[in-house]
Amino acid sequence: MKQKAVIIGAGPAGLTAAYELSKTNTFTPLILERSKRVGGLSTTITYKGNKIDIGGHRFFTKSDTIMQWWLSFLPIEKGYGKSELTYHGRKQAVTSKHLFQKRNKNDVMMIRNRLSRIYYKGKFFEYPLELNLKTIQSIGVLDSFWFLFSYIQAIVRPIKPEITLEDFFINRFGKKLYETFFKTYTEKVWGKKCSEIPALWGKQRVKGLSMKKAVVNGVLKMIRPQHFSPNKKTETSLIEKFLYPKYGPGQLWNLVSKVAKKNGAELKFESEIESIHIQNSRVSSITYRDRNQKKYKTAASVVISSISIQELVPLITPPPPKKILQIAAGLEYRDFLVVGILLKKTTVKLHDNWLYIHDPIVKVGRIQIFNNWSPSMVKDKKTVWIGMEYFSNTDDDFWKQKDIEIITIAKKEIAALGLASEDMVIDATIYRAPKAYPAYTGSYSQFEALKRYLNRIENLFLIGRNGMHKYNNQDHSMLTAIEAVNIIVEKRRDKNSIWDINTEEEYHETK
């Protein structure tokens, strides 16, 4: 008889774990999801036929495993050339496993051009910033000189020790460039001064990107053809093309859940965990309520959690030590909401996936143009469908406003930026995503104690971004799930290899 594996959360990490376990002859996955949809932060929201990708998800990875995993569900759309993909500097066949008896012709990945720019004081700059003739013309020769002088100063006299995110940015880009192009946007995202954020954030997210690499990339970009052939030395921020599901990332995760269920997994929506029962350093059972508030208690041989650690720890019974509860409660997050705005065709021609709004005159942090992610994200091709992304906290005055009030702000800001007038807005909606970004602030300095406590629960495995309180990308979250399943199947005890993902050399881009 198969053992029951309870998976908490149906985001990319949870569904990857469920699918991998569903292929074994040992476990039957039970997925408990509190919302009404799969995909977590990688879901796709549909509003009157128009689709919103929450936060934007470029399908790019340095992992062969993840690349083949994606393409087994969504092969590259016909018309992009040969059936081979140049990847990691070598050619390898792109094969699709026959997961379905009859594959939907629209279940495909598209190869998309990556274009993101910085909007600052009415001008557009390449993102990441490139020191080329166009940039110098936009900035001005005098300011460009001071940027360069400031950068040389940072090389000659770097800040040591490198403690804050401000130190991190200044050491890599110089003080003047940091104050112009990094400071405002970063503080919009996190709601804190860069001098209050640990340098660890930069080491995790920006890693090896620096002025030197950005300049080199700018030169290479002028002399090399654009094609989908990233290798392990390519900075993630510098890729020129990426894969993207025709109908957004939710298309992939709906397919994954479909196949996992076909393999025997059970998926229960609107299910809220009430308690996780521990006996002899193992999870013995889980109590949860369904959408009708009916209570269930299920035995569990294995539990895999991708929900936030802040929510998970108080569910454990008997209760953890007071210090562990305090650390979990003190973890901080940045919440996120997107205002979907449908526009009449604008005279401003934008080919960007994202615009990074560094201009301090508005609150909006980024703007997605969904037409450029995939034309199929937009119902009427005669309209422009954008997502205005705001970073906030659930207890902020901004977050607490009514939807119509935030939509009014968004309409005024799109006009202030000169991208569209308010009378061009046809319709609008809002989607809110609490705990979108785990922060390395608050009690995070004590996180190792929390990690050790949770790792000692033998059959509890933490995966994914919020499950590990680690700013993972989608592919890293999936790799944590795959590694957790490998440990479970191989009956290994050491969980450190899960935590090493996105910190090991392959993911540090400093070679």
# chains A, B, ... in the order shown; residues from 1 in each chain; ligands from 1

$ residues_around --residues "segment 52-57 of chain A" --least-positions-apart "5" --cutoff "7 Å" --atoms "only C-alpha atoms" --output "ChimeraX atom specification"
/A:41-46,248-249

$ write_last_selection --atoms "C-alpha atoms" --output "mmCIF file, in the first residue's frame"
data_model
loop_
_atom_site.group_PDB
_atom_site.id
_atom_site.type_symbol
_atom_site.label_atom_id
_atom_site.label_comp_id
_atom_site.auth_asym_id
_atom_site.auth_seq_id
_atom_site.Cartn_x
_atom_site.Cartn_y
_atom_site.Cartn_z
ATOM 1 C CA LEU A 41 2.740 33.446 -7.354
ATOM 2 C CA SER A 42 3.158 31.840 -10.798
ATOM 3 C CA THR A 43 -0.570 31.666 -11.433
ATOM 4 C CA THR A 44 -2.291 33.435 -14.307
ATOM 5 C CA ILE A 45 -5.316 35.600 -13.503
ATOM 6 C CA THR A 46 -7.996 36.023 -16.182
ATOM 7 C CA GLY A 248 1.115 32.656 -19.156
ATOM 8 C CA PRO A 249 2.766 30.568 -16.419
#

$ residues_around --residues "Glu483 of chain A" --least-positions-apart "3" --cutoff "6 Å" --atoms "only C-alpha atoms" --output "list in words"
Thr480, Asn486 and Ile498 of chain A

$ write_last_selection --atoms "C-alpha atoms" --output "CSV table (one decimal), in the first residue's frame"
chain,number,residue,atom,x,y,z
A,480,THR,CA,14.3,22.4,-4.1
A,486,ASN,CA,15.1,12.5,-4.1
A,498,ILE,CA,17.9,21.4,-0.5

$ closest_atom_pairs --of "segment 108-154 of chain A" --to "segment 409-426 of chain A" --cutoff "12 Å" --atoms "only C-alpha atoms" --output "CSV"
residue,atom,partner,partner_atom,distance
A:Tyr119,CA,A:Leu417,CA,8.7
A:Tyr120,CA,A:Leu417,CA,9.5
A:Lys121,CA,A:Leu417,CA,8.7
A:Gly122,CA,A:Leu417,CA,7.1
A:Lys123,CA,A:Leu417,CA,9.9
A:Phe124,CA,A:Leu417,CA,11.3

$ residues_around --residues "Asn113 of chain A" --least-positions-apart "6" --cutoff "8 Å" --atoms "only C-alpha atoms" --output "PyMOL selection string"
chain A and resi 240-242

$ atom_distance --atom1 "atom CA of Gln474 of chain A" --atom2 "atom CA of Tyr453 of chain A"
25.8 Å

$ select_by_dssp --residues "segment 419-453 of chain A" --states "strand (DSSP E or B)" --output "ChimeraX atom specification"
/A:425-442

$ select_by_dssp --residues "segment 114-178 of chain A" --states "helix (DSSP H, G or I)" --output "JSON list (two decimals) with C-alpha atoms, in the first residue's frame"
[["chain", "number", "residue", "atom", "x", "y", "z"],
["A", 133, "LEU", "CA", 26.66, 55.78, -26.70],
["A", 134, "LYS", "CA", 22.88, 55.92, -26.35],
["A", 135, "THR", "CA", 23.10, 55.96, -22.55],
["A", 136, "ILE", "CA", 25.78, 58.65, -22.56],
["A", 137, "GLN", "CA", 23.65, 60.81, -24.87],
["A", 138, "SER", "CA", 20.63, 60.43, -22.56],
["A", 139, "ILE", "CA", 22.56, 61.09, -19.36],
["A", 141, "VAL", "CA", 28.58, 63.80, -21.14],
["A", 142, "LEU", "CA", 29.23, 65.60, -17.84],
["A", 143, "ASP", "CA", 27.08, 63.27, -15.73],
["A", 144, "SER", "CA", 28.57, 60.25, -17.55],
["A", 145, "PHE", "CA", 32.02, 61.46, -16.53],
["A", 146, "TRP", "CA", 30.96, 61.71, -12.90],
["A", 147, "PHE", "CA", 29.41, 58.22, -13.06],
["A", 148, "LEU", "CA", 32.73, 56.87, -14.32],
["A", 149, "PHE", "CA", 34.76, 58.84, -11.78],
["A", 150, "SER", "CA", 32.51, 57.58, -8.97],
["A", 151, "TYR", "CA", 32.91, 54.00, -10.19],
["A", 152, "ILE", "CA", 36.71, 54.32, -10.25],
["A", 153, "GLN", "CA", 36.57, 55.64, -6.69],
["A", 154, "ALA", "CA", 34.61, 52.54, -5.66],
["A", 155, "ILE", "CA", 37.25, 50.29, -7.23],
["A", 156, "VAL", "CA", 40.16, 52.11, -5.60],
["A", 165, "LEU", "CA", 22.78, 46.79, 0.46],
["A", 166, "GLU", "CA", 23.91, 50.38, -0.06],
["A", 167, "ASP", "CA", 27.53, 49.23, 0.45],
["A", 168, "PHE", "CA", 26.94, 46.38, -2.01],
["A", 169, "PHE", "CA", 25.62, 48.64, -4.79],
["A", 170, "ILE", "CA", 28.25, 51.37, -4.31],
["A", 171, "ASN", "CA", 31.09, 48.83, -4.46],
["A", 172, "ARG", "CA", 29.81, 47.46, -7.77],
["A", 173, "PHE", "CA", 28.50, 50.57, -9.52],
["A", 175, "LYS", "CA", 27.98, 56.04, -5.48],
["A", 176, "LYS", "CA", 26.58, 58.37, -8.16],
["A", 177, "LEU", "CA", 25.17, 55.59, -10.33],
["A", 178, "TYR", "CA", 23.71, 53.93, -7.22]]

$ atom_distance --atom1 "atom CA of Lys192 of chain A" --atom2 "atom CA of Met478 of chain A"
29.4 Å

$ decode --residues "segment 256-289 of chain A" --atoms "N, CA and C atoms" --output "PDB file, in the first residue's frame"
ATOM      1  N   VAL A 256       0.488  20.623 -15.088  1.00  0.00           N
ATOM      2  CA  VAL A 256       1.188  19.792 -14.106  1.00  0.00           C
ATOM      3  C   VAL A 256       0.203  19.175 -13.127  1.00  0.00           C
ATOM      4  N   SER A 257      -0.738  19.991 -12.639  1.00  0.00           N
ATOM      5  CA  SER A 257      -1.721  19.468 -11.682  1.00  0.00           C
ATOM      6  C   SER A 257      -2.592  18.405 -12.344  1.00  0.00           C
ATOM      7  N   LYS A 258      -2.915  18.608 -13.607  1.00  0.00           N
ATOM      8  CA  LYS A 258      -3.735  17.646 -14.354  1.00  0.00           C
ATOM      9  C   LYS A 258      -3.033  16.292 -14.453  1.00  0.00           C
ATOM     10  N   VAL A 259      -1.738  16.315 -14.770  1.00  0.00           N
ATOM     11  CA  VAL A 259      -0.995  15.066 -14.915  1.00  0.00           C
ATOM     12  C   VAL A 259      -0.757  14.404 -13.558  1.00  0.00           C
ATOM     13  N   ALA A 260      -0.459  15.215 -12.539  1.00  0.00           N
ATOM     14  CA  ALA A 260      -0.261  14.650 -11.198  1.00  0.00           C
ATOM     15  C   ALA A 260      -1.520  13.942 -10.726  1.00  0.00           C
ATOM     16  N   LYS A 261      -2.684  14.543 -10.977  1.00  0.00           N
ATOM     17  CA  LYS A 261      -3.952  13.907 -10.591  1.00  0.00           C
ATOM     18  C   LYS A 261      -4.189  12.632 -11.401  1.00  0.00           C
ATOM     19  N   LYS A 262      -3.811  12.677 -12.667  1.00  0.00           N
ATOM     20  CA  LYS A 262      -3.931  11.488 -13.512  1.00  0.00           C
ATOM     21  C   LYS A 262      -3.079  10.350 -12.958  1.00  0.00           C
ATOM     22  N   ASN A 263      -1.957  10.709 -12.340  1.00  0.00           N
ATOM     23  CA  ASN A 263      -1.054   9.712 -11.751  1.00  0.00           C
ATOM     24  C   ASN A 263      -1.495   9.267 -10.350  1.00  0.00           C
ATOM     25  N   GLY A 264      -2.585   9.852  -9.841  1.00  0.00           N
ATOM     26  CA  GLY A 264      -3.085   9.414  -8.544  1.00  0.00           C
ATOM     27  C   GLY A 264      -3.044  10.446  -7.434  1.00  0.00           C
ATOM     28  N   ALA A 265      -2.482  11.623  -7.699  1.00  0.00           N
ATOM     29  CA  ALA A 265      -2.445  12.668  -6.669  1.00  0.00           C
ATOM     30  C   ALA A 265      -3.847  13.227  -6.434  1.00  0.00           C
ATOM     31  N   GLU A 266      -4.091  13.704  -5.221  1.00  0.00           N
ATOM     32  CA  GLU A 266      -5.361  14.323  -4.870  1.00  0.00           C
ATOM     33  C   GLU A 266      -5.104  15.791  -4.561  1.00  0.00           C
ATOM     34  N   LEU A 267      -5.928  16.667  -5.123  1.00  0.00           N
ATOM     35  CA  LEU A 267      -5.766  18.111  -4.935  1.00  0.00           C
ATOM     36  C   LEU A 267      -7.039  18.678  -4.322  1.00  0.00           C
ATOM     37  N   LYS A 268      -6.907  19.308  -3.162  1.00  0.00           N
ATOM     38  CA  LYS A 268      -8.052  19.893  -2.476  1.00  0.00           C
ATOM     39  C   LYS A 268      -7.854  21.399  -2.340  1.00  0.00           C
ATOM     40  N   PHE A 269      -8.751  22.166  -2.994  1.00  0.00           N
ATOM     41  CA  PHE A 269      -8.711  23.619  -2.917  1.00  0.00           C
ATOM     42  C   PHE A 269      -9.426  24.111  -1.658  1.00  0.00           C
ATOM     43  N   GLU A 270      -9.173  25.375  -1.325  1.00  0.00           N
ATOM     44  CA  GLU A 270      -9.800  26.047  -0.176  1.00  0.00           C
ATOM     45  C   GLU A 270      -9.694  25.195   1.090  1.00  0.00           C
ATOM     46  N   SER A 271      -8.501  24.642   1.265  1.00  0.00           N
ATOM     47  CA  SER A 271      -8.220  23.814   2.445  1.00  0.00           C
ATOM     48  C   SER A 271      -7.237  24.541   3.344  1.00  0.00           C
ATOM     49  N   GLU A 272      -7.614  24.744   4.575  1.00  0.00           N
ATOM     50  CA  GLU A 272      -6.803  25.506   5.526  1.00  0.00           C
ATOM     51  C   GLU A 272      -6.226  24.570   6.583  1.00  0.00           C
ATOM     52  N   ILE A 273      -4.894  24.587   6.730  1.00  0.00           N
ATOM     53  CA  ILE A 273      -4.239  23.754   7.740  1.00  0.00           C
ATOM     54  C   ILE A 273      -4.559  24.300   9.118  1.00  0.00           C
ATOM     55  N   GLU A 274      -4.947  23.421  10.015  1.00  0.00           N
ATOM     56  CA  GLU A 274      -5.273  23.828  11.379  1.00  0.00           C
ATOM     57  C   GLU A 274      -4.173  23.446  12.358  1.00  0.00           C
ATOM     58  N   SER A 275      -3.575  22.270  12.180  1.00  0.00           N
ATOM     59  CA  SER A 275      -2.482  21.863  13.070  1.00  0.00           C
ATOM     60  C   SER A 275      -1.650  20.764  12.435  1.00  0.00           C
ATOM     61  N   ILE A 276      -0.371  20.767  12.802  1.00  0.00           N
ATOM     62  CA  ILE A 276       0.575  19.744  12.346  1.00  0.00           C
ATOM     63  C   ILE A 276       1.059  19.022  13.603  1.00  0.00           C
ATOM     64  N   HIS A 277       0.696  17.769  13.741  1.00  0.00           N
ATOM     65  CA  HIS A 277       0.953  17.023  14.974  1.00  0.00           C
ATOM     66  C   HIS A 277       2.313  16.322  14.910  1.00  0.00           C
ATOM     67  N   ILE A 278       3.136  16.556  15.912  1.00  0.00           N
ATOM     68  CA  ILE A 278       4.482  15.997  15.980  1.00  0.00           C
ATOM     69  C   ILE A 278       4.563  14.958  17.100  1.00  0.00           C
ATOM     70  N   GLN A 279       5.143  13.803  16.785  1.00  0.00           N
ATOM     71  CA  GLN A 279       5.434  12.774  17.783  1.00  0.00           C
ATOM     72  C   GLN A 279       6.817  12.205  17.493  1.00  0.00           C
ATOM     73  N   ASN A 280       7.667  12.183  18.521  1.00  0.00           N
ATOM     74  CA  ASN A 280       9.008  11.612  18.381  1.00  0.00           C
ATOM     75  C   ASN A 280       9.764  12.212  17.188  1.00  0.00           C
ATOM     76  N   SER A 281       9.728  13.539  17.106  1.00  0.00           N
ATOM     77  CA  SER A 281      10.459  14.289  16.067  1.00  0.00           C
ATOM     78  C   SER A 281      10.000  13.953  14.647  1.00  0.00           C
ATOM     79  N   ARG A 282       8.740  13.530  14.514  1.00  0.00           N
ATOM     80  CA  ARG A 282       8.169  13.256  13.201  1.00  0.00           C
ATOM     81  C   ARG A 282       6.738  13.791  13.148  1.00  0.00           C
ATOM     82  N   VAL A 283       6.332  14.210  11.943  1.00  0.00           N
ATOM     83  CA  VAL A 283       4.925  14.564  11.763  1.00  0.00           C
ATOM     84  C   VAL A 283       4.121  13.270  11.733  1.00  0.00           C
ATOM     85  N   SER A 284       3.132  13.179  12.609  1.00  0.00           N
ATOM     86  CA  SER A 284       2.290  11.979  12.624  1.00  0.00           C
ATOM     87  C   SER A 284       1.006  12.178  11.821  1.00  0.00           C
ATOM     88  N   SER A 285       0.466  13.407  11.876  1.00  0.00           N
ATOM     89  CA  SER A 285      -0.781  13.678  11.159  1.00  0.00           C
ATOM     90  C   SER A 285      -0.973  15.177  10.988  1.00  0.00           C
ATOM     91  N   ILE A 286      -1.927  15.524  10.131  1.00  0.00           N
ATOM     92  CA  ILE A 286      -2.260  16.929   9.872  1.00  0.00           C
ATOM     93  C   ILE A 286      -3.773  17.089   9.962  1.00  0.00           C
ATOM     94  N   THR A 287      -4.193  18.146  10.631  1.00  0.00           N
ATOM     95  CA  THR A 287      -5.615  18.474  10.696  1.00  0.00           C
ATOM     96  C   THR A 287      -5.866  19.694   9.813  1.00  0.00           C
ATOM     97  N   TYR A 288      -6.901  19.615   8.978  1.00  0.00           N
ATOM     98  CA  TYR A 288      -7.229  20.740   8.105  1.00  0.00           C
ATOM     99  C   TYR A 288      -8.742  20.845   7.950  1.00  0.00           C
ATOM    100  N   ARG A 289      -9.184  22.012   7.494  1.00  0.00           N
ATOM    101  CA  ARG A 289     -10.603  22.250   7.228  1.00  0.00           C
ATOM    102  C   ARG A 289     -10.804  22.495   5.735  1.00  0.00           C
TER     103      ARG A 289
END
